Structure formats: C-alpha cells, structure tokens
file final.tsv (TSV, C-alpha atoms)
chain	number	residue	atom	x	y	z
R	1	MET	CA	1.80	-111.64	-37.79
R	2	ILE	CA	-1.76	-110.88	-36.75
R	3	ILE	CA	-4.11	-113.73	-35.96
R	4	ASN	CA	-7.70	-112.67	-36.34
R	5	THR	CA	-9.83	-114.69	-33.94
R	6	GLY	CA	-12.94	-112.73	-34.78
R	7	LEU	CA	-13.39	-112.14	-31.07
R	8	HIS	CA	-12.84	-108.58	-29.93
R	9	HIS	CA	-10.10	-108.73	-27.27
R	10	PHE	CA	-11.18	-112.33	-26.69
R	11	PHE	CA	-12.82	-111.38	-23.43
R	12	LEU	CA	-15.91	-113.46	-22.76
R	13	LEU	CA	-16.73	-112.53	-19.18
R	14	GLU	CA	-19.53	-110.01	-18.89
R	15	GLY	CA	-19.78	-109.55	-15.15
R	16	ILE	CA	-18.56	-110.64	-11.73
R	17	THR	CA	-21.41	-110.85	-9.24
R	18	ARG	CA	-19.59	-112.07	-6.13
R	19	VAL	CA	-16.01	-112.37	-5.06
R	20	ASP	CA	-14.23	-113.15	-1.80
R	21	GLU	CA	-11.05	-114.97	-0.81
R	22	LYS	CA	-12.42	-118.40	-1.70
R	23	HIS	CA	-15.19	-117.85	-4.22
R	24	ILE	CA	-16.03	-116.05	-7.40
R	25	GLN	CA	-19.27	-115.89	-9.38
R	26	GLY	CA	-19.91	-114.30	-12.72
R	27	PHE	CA	-21.58	-114.64	-16.06
R	28	SER	CA	-20.51	-114.76	-19.65
R	29	SER	CA	-21.91	-113.54	-22.89
R	30	PRO	CA	-24.82	-115.44	-24.49
R	31	SER	CA	-22.92	-115.19	-27.76
R	32	SER	CA	-20.18	-117.51	-26.51
R	33	ARG	CA	-22.38	-120.58	-26.92
R	34	GLN	CA	-19.82	-123.04	-28.24
R	35	VAL	CA	-18.48	-125.42	-25.61
R	36	TYR	CA	-14.86	-124.34	-26.04
R	37	LEU	CA	-15.86	-120.72	-25.52
R	38	ARG	CA	-17.81	-121.63	-22.37
R	39	ILE	CA	-14.72	-123.39	-21.04
R	40	GLU	CA	-12.60	-120.38	-21.95
R	41	SER	CA	-15.09	-118.16	-20.04
R	42	MET	CA	-14.67	-120.38	-16.98
R	43	ALA	CA	-10.89	-120.12	-17.28
R	44	GLN	CA	-11.15	-116.35	-17.54
R	45	LEU	CA	-13.27	-116.24	-14.38
R	46	GLY	CA	-10.82	-118.43	-12.47
R	47	ALA	CA	-7.81	-116.42	-13.64
R	48	MET	CA	-9.56	-113.24	-12.55
R	49	HIS	CA	-9.96	-114.68	-9.05
R	50	VAL	CA	-6.27	-115.62	-8.95
R	51	ARG	CA	-5.38	-112.02	-9.85
R	52	PHE	CA	-7.81	-110.72	-7.23
R	53	ILE	CA	-6.38	-112.78	-4.36
R	54	THR	CA	-2.80	-111.97	-5.39
R	55	ASP	CA	-3.69	-108.29	-5.52
R	56	PHE	CA	-2.88	-108.16	-9.25
R	57	ASN	CA	0.82	-108.42	-8.37
R	58	LYS	CA	1.58	-111.44	-10.55
R	59	HIS	CA	0.87	-112.68	-14.03
R	60	ALA	CA	-1.74	-115.48	-13.92
R	61	PHE	CA	-2.27	-118.18	-16.52
R	62	LEU	CA	-4.12	-121.47	-16.98
R	63	LEU	CA	-2.00	-124.61	-16.65
R	64	GLY	CA	-4.61	-127.25	-17.30
R	65	VAL	CA	-8.12	-128.58	-16.91
R	66	SER	CA	-9.02	-131.99	-15.53
R	67	ASN	CA	-12.14	-133.93	-14.50
R	68	LEU	CA	-14.13	-132.02	-17.09
R	69	GLN	CA	-17.80	-133.00	-17.12
R	70	LEU	CA	-20.22	-131.82	-19.73
R	71	SER	CA	-23.95	-132.56	-19.52
R	72	GLU	CA	-25.63	-133.86	-22.64
R	73	THR	CA	-28.27	-131.17	-22.47
R	74	PHE	CA	-25.71	-128.44	-22.62
R	75	GLN	CA	-26.67	-126.01	-25.34
R	76	GLY	CA	-28.45	-122.76	-25.91
R	77	ASN	CA	-27.85	-119.09	-26.43
R	78	GLU	CA	-28.76	-117.96	-22.95
R	79	GLN	CA	-26.49	-116.22	-20.52
R	80	CYS	CA	-24.20	-118.60	-18.70
R	81	SER	CA	-23.68	-118.21	-14.95
R	82	MET	CA	-20.42	-119.48	-13.51
R	83	THR	CA	-19.10	-120.29	-10.06
R	84	GLY	CA	-15.53	-120.84	-8.95
R	85	ILE	CA	-14.36	-122.30	-5.63
R	86	LEU	CA	-10.71	-122.19	-4.66
R	87	ASN	CA	-10.05	-125.73	-3.45
R	88	SER	CA	-6.34	-125.59	-2.74
R	89	ARG	CA	-3.36	-123.38	-3.37
R	90	SER	CA	0.31	-122.75	-2.86
R	91	THR	CA	2.16	-119.48	-3.24
R	92	ASP	CA	2.35	-120.02	-7.02
R	93	SER	CA	-0.43	-122.40	-8.02
R	94	PHE	CA	-4.18	-122.45	-7.52
R	95	SER	CA	-6.74	-125.21	-8.03
R	96	TYR	CA	-10.41	-124.40	-8.61
R	97	LYS	CA	-13.64	-126.27	-9.07
R	98	LEU	CA	-15.38	-124.23	-11.75
R	99	THR	CA	-18.96	-124.77	-12.82
R	100	ALA	CA	-20.98	-123.18	-15.61
R	101	GLU	CA	-24.76	-123.34	-15.75
R	102	ILE	CA	-27.40	-122.35	-18.19
R	103	ALA	CA	-30.93	-121.74	-16.89
R	104	GLY	CA	-30.12	-123.36	-13.54
R	105	CYS	CA	-29.03	-126.71	-14.99
R	106	GLN	CA	-25.43	-127.69	-14.45
R	107	SER	CA	-23.78	-127.92	-17.78
R	108	ILE	CA	-20.00	-127.92	-17.41
R	109	SER	CA	-17.74	-128.47	-14.42
R	110	GLY	CA	-14.07	-129.16	-14.01
R	111	THR	CA	-10.91	-128.68	-12.04
R	112	PHE	CA	-8.88	-125.77	-13.35
R	113	LEU	CA	-5.26	-125.34	-12.37
R	114	PHE	CA	-3.69	-121.88	-12.59
R	115	ALA	CA	-0.19	-120.67	-11.93
R	116	THR	CA	1.35	-117.27	-11.35
R	117	ILE	CA	4.73	-115.88	-12.27
R	118	PRO	CA	6.28	-112.51	-11.47
R	119	TYR	CA	5.83	-109.85	-14.13
R	120	ASP	CA	8.85	-109.58	-16.41
R	121	ASP	CA	9.87	-108.21	-19.81
R	122	SER	CA	7.39	-110.47	-21.61
R	123	PHE	CA	4.52	-109.88	-19.20
R	124	ARG	CA	5.02	-106.28	-18.27
R	125	LYS	CA	3.74	-105.07	-14.93
R	126	ASP	CA	3.20	-101.49	-16.08
R	127	THR	CA	0.79	-102.68	-18.78
R	128	LEU	CA	-0.87	-105.80	-17.43
R	129	GLN	CA	-1.48	-104.85	-13.81
R	130	HIS	CA	-3.41	-101.74	-14.76
R	131	HIS	CA	-5.17	-103.57	-17.60
R	132	TYR	CA	-6.53	-106.36	-15.42
R	133	LYS	CA	-7.42	-104.09	-12.52
R	134	LYS	CA	-9.45	-101.98	-14.91
R	135	ILE	CA	-11.21	-105.02	-16.39
R	136	PHE	CA	-11.95	-106.41	-12.94
R	137	SER	CA	-13.40	-103.09	-11.83
R	138	CYS	CA	-15.58	-102.87	-14.95
R	139	LEU	CA	-16.84	-106.44	-14.50
R	140	ARG	CA	-17.74	-105.76	-10.86
R	141	ASN	CA	-19.63	-102.61	-11.85
R	142	VAL	CA	-21.66	-104.43	-14.49
R	143	SER	CA	-23.17	-106.80	-11.96
J	1	MET	CA	-1.33	-143.58	6.32
J	2	ASN	CA	1.90	-141.79	7.21
J	3	ILE	CA	3.20	-138.68	5.46
J	4	PHE	CA	5.63	-140.55	3.22
J	5	GLU	CA	2.97	-143.00	2.03
J	6	ARG	CA	0.56	-140.17	1.23
J	7	VAL	CA	3.23	-138.11	-0.57
J	8	LYS	CA	4.21	-141.18	-2.57
J	9	GLN	CA	0.60	-141.68	-3.60
J	10	ILE	CA	0.22	-138.04	-4.67
J	11	VAL	CA	3.49	-137.97	-6.62
J	12	ALA	CA	2.71	-141.29	-8.36
J	13	ASP	CA	-0.68	-139.97	-9.36
J	14	ILE	CA	0.66	-136.72	-10.80
J	15	LEU	CA	3.60	-138.30	-12.64
J	16	ASP	CA	1.54	-141.31	-13.68
J	17	ILE	CA	4.05	-143.82	-12.34
J	18	GLU	CA	3.91	-146.79	-10.01
J	19	GLU	CA	4.25	-146.06	-6.29
J	20	GLU	CA	6.90	-148.80	-6.09
J	21	GLU	CA	9.24	-146.59	-8.14
J	22	ILE	CA	9.27	-144.01	-5.35
J	23	LEU	CA	11.56	-144.30	-2.35
J	24	SER	CA	12.30	-141.77	0.33
J	25	GLN	CA	15.65	-140.90	-1.29
J	26	THR	CA	14.26	-140.72	-4.85
J	27	TYR	CA	15.04	-137.46	-6.60
J	28	LEU	CA	11.95	-135.85	-8.04
J	29	ILE	CA	13.56	-134.23	-11.06
J	30	ARG	CA	16.71	-136.31	-11.59
J	31	ASP	CA	15.10	-139.72	-11.12
J	32	LEU	CA	11.43	-139.25	-11.86
J	33	GLY	CA	11.69	-136.56	-14.53
J	34	ALA	CA	9.28	-134.18	-12.83
J	35	GLU	CA	8.92	-130.88	-14.67
J	36	SER	CA	8.01	-127.45	-13.36
J	37	ILE	CA	4.36	-127.92	-14.34
J	38	ASP	CA	4.30	-131.15	-12.29
J	39	LEU	CA	5.66	-129.30	-9.27
J	40	LEU	CA	2.91	-126.69	-9.53
J	41	GLU	CA	0.31	-129.44	-9.57
J	42	LEU	CA	2.08	-131.17	-6.71
J	43	ALA	CA	1.99	-127.98	-4.64
J	44	VAL	CA	-1.81	-127.68	-4.75
J	45	SER	CA	-2.22	-131.40	-4.13
J	46	LEU	CA	-0.02	-131.26	-1.05
J	47	ASN	CA	-1.98	-128.27	0.21
J	48	ALA	CA	-5.22	-130.18	-0.29
J	49	GLY	CA	-3.83	-133.36	1.21
J	50	PHE	CA	-2.17	-131.96	4.31
J	51	GLN	CA	-3.92	-128.62	4.92
J	52	ILE	CA	-0.68	-126.70	5.37
J	53	GLU	CA	0.59	-123.60	3.64
J	54	ILE	CA	2.83	-124.54	0.74
J	55	LYS	CA	5.56	-122.08	-0.18
J	56	ASP	CA	6.81	-123.24	-3.56
J	57	ASP	CA	10.24	-121.66	-3.22
J	58	ASP	CA	10.85	-123.46	0.07
J	59	ILE	CA	9.34	-126.89	-0.41
J	60	PHE	CA	10.95	-127.32	-3.85
J	61	LEU	CA	14.32	-125.84	-2.73
J	62	ARG	CA	14.08	-123.47	-5.68
J	63	LYS	CA	16.55	-120.90	-4.36
J	64	LEU	CA	19.07	-123.40	-3.03
J	65	ARG	CA	21.86	-122.49	-5.45
J	66	ARG	CA	21.18	-118.79	-4.98
J	67	TYR	CA	21.50	-119.25	-1.21
J	68	LEU	CA	24.80	-121.03	-1.70
J	69	GLU	CA	26.05	-118.13	-3.80
J	70	GLU	CA	24.88	-115.67	-1.14
J	71	ALA	CA	26.68	-117.62	1.57
J	72	LYS	CA	29.84	-117.60	-0.51
J	73	GLU	CA	29.60	-113.86	-1.16
J	74	LYS	CA	29.04	-113.15	2.52
J	75	HIS	CA	31.83	-115.55	3.56
J	76	LEU	CA	29.37	-117.60	5.60
J	77	ASP	CA	29.31	-121.32	6.22
J	78	GLN	CA	27.14	-122.79	3.48
J	79	GLN	CA	25.67	-125.55	5.60
J	80	ALA	CA	24.66	-123.16	8.40
J	81	TYR	CA	23.24	-120.71	5.86
J	82	LEU	CA	21.09	-123.42	4.28
J	83	ALA	CA	19.93	-124.56	7.71
J	84	ASP	CA	18.65	-121.04	8.36
J	85	GLN	CA	16.82	-120.91	5.05
J	86	TYR	CA	15.42	-124.43	5.25
J	87	PRO	CA	14.67	-125.14	8.93
J	88	PHE	CA	12.74	-128.28	7.97
J	89	LEU	CA	15.87	-130.01	6.63
J	90	SER	CA	18.10	-131.93	9.02
J	91	ALA	CA	21.83	-131.19	9.26
J	92	SER	CA	22.62	-134.59	7.77
J	93	ARG	CA	20.30	-133.98	4.83
J	94	ILE	CA	21.89	-130.58	4.14
J	95	ALA	CA	25.33	-132.18	4.24
J	96	GLU	CA	24.09	-134.80	1.78
J	97	ILE	CA	22.67	-132.11	-0.52
J	98	LEU	CA	26.05	-130.34	-0.57
J	99	ARG	CA	27.75	-133.62	-1.44
J	100	VAL	CA	25.50	-134.44	-4.42
J	101	LEU	CA	24.98	-130.94	-5.72
J	102	GLU	CA	27.04	-131.43	-8.87
J	103	GLY	CA	24.82	-134.29	-10.01
J	104	GLY	CA	21.83	-132.05	-10.80
J	105	PRO	CA	18.62	-130.99	-9.03
J	106	VAL	CA	18.72	-132.27	-5.45
J	107	LEU	CA	15.04	-132.20	-4.49
J	108	ALA	CA	14.09	-135.58	-3.04
J	109	ILE	CA	10.85	-137.09	-1.79
J	110	GLU	CA	12.23	-137.01	1.76
J	111	ASP	CA	12.51	-133.20	1.50
J	112	LEU	CA	8.78	-132.92	0.80
J	113	VAL	CA	8.09	-135.19	3.75
J	114	SER	CA	10.37	-133.13	6.00
J	115	TYR	CA	8.65	-129.89	4.96
J	116	ILE	CA	5.17	-131.29	5.65
J	117	SER	CA	6.19	-132.86	8.94
J	118	TYR	CA	7.89	-129.66	10.13
J	119	TYR	CA	5.00	-127.33	9.29
J	120	GLN	CA	2.32	-129.72	10.50
J	121	ASN	CA	3.93	-129.69	13.92
J	122	LYS	CA	4.68	-126.01	14.05

call {"tool": "encode", "arguments": {"input": "final.tsv", "output": "structure tokens"}}
result
Amino acid sequence: MIINTGLHHFFLLEGITRVDEKHIQGFSSPSSRQVYLRIESMAQLGAMHVRFITDFNKHAFLLGVSNLQLSETFQGNEQCSMTGILNSRSTDSFSYKLTAEIAGCQSISGTFLFATIPYDDSFRKDTLQHHYKKIFSCLRNVS
Amino acid sequence: MNIFERVKQIVADILDIEEEEILSQTYLIRDLGAESIDLLELAVSLNAGFQIEIKDDDIFLRKLRRYLEEAKEKHLDQQAYLADQYPFLSASRIAEILRVLEGGPVLAIEDLVSYISYYQNK
C-alpha cells in the first residue's frame, strides 16, 4: 500500500546553521506553514541532533511532545528558524526544548522527547546510517 | 529532599499516580505498570533531577536475565556475577532479586535510588 502524503520524502528541514553537543539551529521551508508541519520540522531538527551526537550509530525517533506553547500570532509563509537545546539525556533517551520562530517572534515551543534503538532488520543500518549522514551533510552545506 | 523522596516525586509525575502509592520496595513494572516508554521518560528526568549519567541498561536492570544466563553458562556464582555487573546494588538486594525473579520484572524504586546514590558519590 502506498500512502501519498503529497510531501516529497516528507523532509521539511532546509538547513542546519549551527550544531554542537548541546545545541542545534536550523530553518524549515516557508511552504510548511501549517502548525502541524512546523511541529514536524521541529521534531526533524531534534532527531537530527540526536543522530549527530550518537554519531549516526542508532535509529532515532520521536516519543512525545509536552508543554507545547503556540503564540496566537503564529502564522505566515516566511521561513521558520528553529533552535534546539538538549536539556537532559540518558544513553537511550533525549529531552529537548525546541523553539520555532517566524520573523524573530517566538511562535512555537515545546519539550520533545526522543529515543534511540539499535539498528535492526526493520531499521537497517546499511540504508539508514548512510541516508541520514548524507542528509545531515547536505543540510549543513545549505546554511 | 532526599533521593527517595525526589525519585518518588518524579515517578509519580510520569506515571500520573499519587506519591503515596510508591514505597521503596514498590516494583516499577509489576506494581505500577510502568511501560518502556515511561522508563525512557524517567531516564531523562533522573538525569535532569540528579545531574548524573544515566545508563538505561544498568539503572533499569535490563540485562539482568541475560547476565544470569551468562553466569550459568560460565559456571559462575550468579549472585557474585550480578554484583560485578551492578555494583550499586547491595548483596542483600541481589539475593532478594534472585528470590523473586519468577514473579516478573524485578526493578524496584529502591534500585533507582541505589543507582543514583552510588553514582552521585563516585
């Protein structure tokens, strides 16, 4: 069965402008203006940081979002800049404060919890590790 | 607030239960119904709350039954083998774990407290 989301590869991040062990900054496409797509962009940024700090050696996924705050003025087709701060972590789970802004005004923030699992038959290392390393490299080169 | 009180608070918050339901000997999975997703959330909360490195496999005794199998295969004493793997657990607690093993997952609140206490002082 093929589910057509209408979103090519469903990748909303357009660039990563800064990354270190605790922080990540990036921006997403102006076309992803709906709130749920903005939140998905934030999740993609956070997951990319998890992969970065685990050296792309594990499969990363979003477990949940809490404390989500959305400003009433949030709207517009402009590029969305995003910031992620790693607040706490264990070997397998990672908690981030992620914020998305449009034109300098805070628009969405929340606590995003990610987890990692070893690659296996469902999430194959030979495919996914290379795939995400390549995407990460491309996103860094865009900025 | 001591370690147990703080752990109790964190666990109650994550599992959405009353703190009064949690005793030192309460089993996290058997008694409180904690699921793997809860443990992942608990791990980051304990890291934030106590500023120590949390190794999920160790603090949640994830490999306990594998270690017991290994000890058996290597003809080693199971209690001593577990003591090597989990230095934060007391000999009496390990003996207790071996006694109640058949009843299901053995992870108790006191094990979390022991882990935190051990690594805070290390």

call {"tool": "closest_atom_pairs", "arguments": {"input": "final.tsv", "of": "stretch 39-105 of chain J", "to": "stretch 85-98 of chain R", "cutoff": "8 Å", "atoms": "all atoms listed in the file", "output": "Markdown table"}}
result
| residue | atom | partner | partner_atom | distance |
| --- | --- | --- | --- | --- |
| J:Leu40 | CA | R:Ser93 | CA | 5.6 |
| J:Glu41 | CA | R:Ser93 | CA | 7.2 |
| J:Ala43 | CA | R:Ser90 | CA | 5.8 |
| J:Val44 | CA | R:Arg89 | CA | 4.8 |
| J:Ser45 | CA | R:Ser88 | CA | 7.3 |
| J:Asn47 | CA | R:Ser88 | CA | 5.9 |
| J:Ala48 | CA | R:Ser88 | CA | 5.3 |
| J:Glu53 | CA | R:Ser90 | CA | 6.6 |
| J:Ile54 | CA | R:Ser90 | CA | 4.7 |
| J:Lys55 | CA | R:Thr91 | CA | 5.3 |
| J:Asp56 | CA | R:Thr91 | CA | 6.0 |

call {"tool": "atom_distance", "arguments": {"input": "final.tsv", "atom1": "atom CA of J:Tyr67", "atom2": "atom CA of R:Lys58"}}
result
23.3 Å

call {"tool": "residues_around", "arguments": {"input": "final.tsv", "residues": "R:Glu78", "least_positions_apart": "2", "cutoff": "8 Å", "atoms": "all atoms listed in the file", "output": "PDB file with C-alpha atoms, in the frame of the given file"}}
result
ATOM      1  CA  PRO R  30     -24.820-115.440 -24.490  1.00  0.00           C
ATOM      2  CA  ARG R  33     -22.380-120.580 -26.920  1.00  0.00           C
ATOM      3  CA  GLY R  76     -28.450-122.760 -25.910  1.00  0.00           C
ATOM      4  CA  CYS R  80     -24.200-118.600 -18.700  1.00  0.00           C
ATOM      5  CA  ILE R 102     -27.400-122.350 -18.190  1.00  0.00           C
ATOM      6  CA  ALA R 103     -30.930-121.740 -16.890  1.00  0.00           C
TER       7      ALA R 103
END

call {"tool": "residues_around", "arguments": {"input": "final.tsv", "residues": "J:Glu35", "least_positions_apart": "6", "cutoff": "12 Å", "atoms": "only C-alpha atoms", "output": "list in words"}}
result
Ile14, Leu15, Leu28, Ile29, Glu41, Leu42, Phe60, Pro105 and Leu107 of chain J

call {"tool": "residues_around", "arguments": {"input": "final.tsv", "residues": "J:Ile94", "least_positions_apart": "2", "cutoff": "12 Å", "atoms": "all atoms listed in the file", "output": "number ranges by chain"}}
result
J: 61, 64, 68, 78-92, 96-101, 106-108, 110-111, 114

call {"tool": "residues_around", "arguments": {"input": "final.tsv", "residues": "J:Ile116", "least_positions_apart": "5", "cutoff": "8 Å", "atoms": "only C-alpha atoms", "output": "JSON list (two decimals) with C-alpha atoms, in the frame of the given file"}}
result
[["chain", "number", "residue", "atom", "x", "y", "z"],
["J", 3, "ILE", "CA", 3.20, -138.68, 5.46],
["J", 50, "PHE", "CA", -2.17, -131.96, 4.31],
["J", 52, "ILE", "CA", -0.68, -126.70, 5.37]]

call {"tool": "closest_residue", "arguments": {"input": "final.tsv", "among": "J:Glu5, J:Asp16, J:Asp31, J:Asp38", "to": "chain R", "atoms": "all atoms listed in the file"}}
result
J:Asp38

call {"tool": "atom_distance", "arguments": {"input": "final.tsv", "atom1": "atom CA of R:Thr127", "atom2": "atom CA of R:Ser28"}}
result
24.5 Å

call {"tool": "atom_distance", "arguments": {"input": "final.tsv", "atom1": "atom CA of R:Gly110", "atom2": "atom CA of R:Ser137"}}
result
26.2 Å

call {"tool": "residues_around", "arguments": {"input": "final.tsv", "residues": "R:Gln129", "least_positions_apart": "5", "cutoff": "12 Å", "atoms": "all atoms listed in the file", "output": "PDB file with C-alpha atoms, in the coordinates of the input"}}
result
ATOM      1  CA  MET R  48      -9.560-113.240 -12.550  1.00  0.00           C
ATOM      2  CA  ARG R  51      -5.380-112.020  -9.850  1.00  0.00           C
ATOM      3  CA  PHE R  52      -7.810-110.720  -7.230  1.00  0.00           C
ATOM      4  CA  THR R  54      -2.800-111.970  -5.390  1.00  0.00           C
ATOM      5  CA  ASP R  55      -3.690-108.290  -5.520  1.00  0.00           C
ATOM      6  CA  PHE R  56      -2.880-108.160  -9.250  1.00  0.00           C
ATOM      7  CA  ASN R  57       0.820-108.420  -8.370  1.00  0.00           C
ATOM      8  CA  LYS R  58       1.580-111.440 -10.550  1.00  0.00           C
ATOM      9  CA  HIS R  59       0.870-112.680 -14.030  1.00  0.00           C
ATOM     10  CA  ALA R  60      -1.740-115.480 -13.920  1.00  0.00           C
ATOM     11  CA  PRO R 118       6.280-112.510 -11.470  1.00  0.00           C
ATOM     12  CA  TYR R 119       5.830-109.850 -14.130  1.00  0.00           C
ATOM     13  CA  ASP R 120       8.850-109.580 -16.410  1.00  0.00           C
ATOM     14  CA  PHE R 123       4.520-109.880 -19.200  1.00  0.00           C
ATOM     15  CA  ARG R 124       5.020-106.280 -18.270  1.00  0.00           C
ATOM     16  CA  LYS R 134      -9.450-101.980 -14.910  1.00  0.00           C
ATOM     17  CA  ILE R 135     -11.210-105.020 -16.390  1.00  0.00           C
ATOM     18  CA  PHE R 136     -11.950-106.410 -12.940  1.00  0.00           C
TER      19      PHE R 136
END

call {"tool": "closest_residue", "arguments": {"input": "final.tsv", "among": "R:Thr17, R:Thr116, R:Ser31, R:Ser122", "to": "chain J", "atoms": "all atoms listed in the file"}}
result
R:Thr116
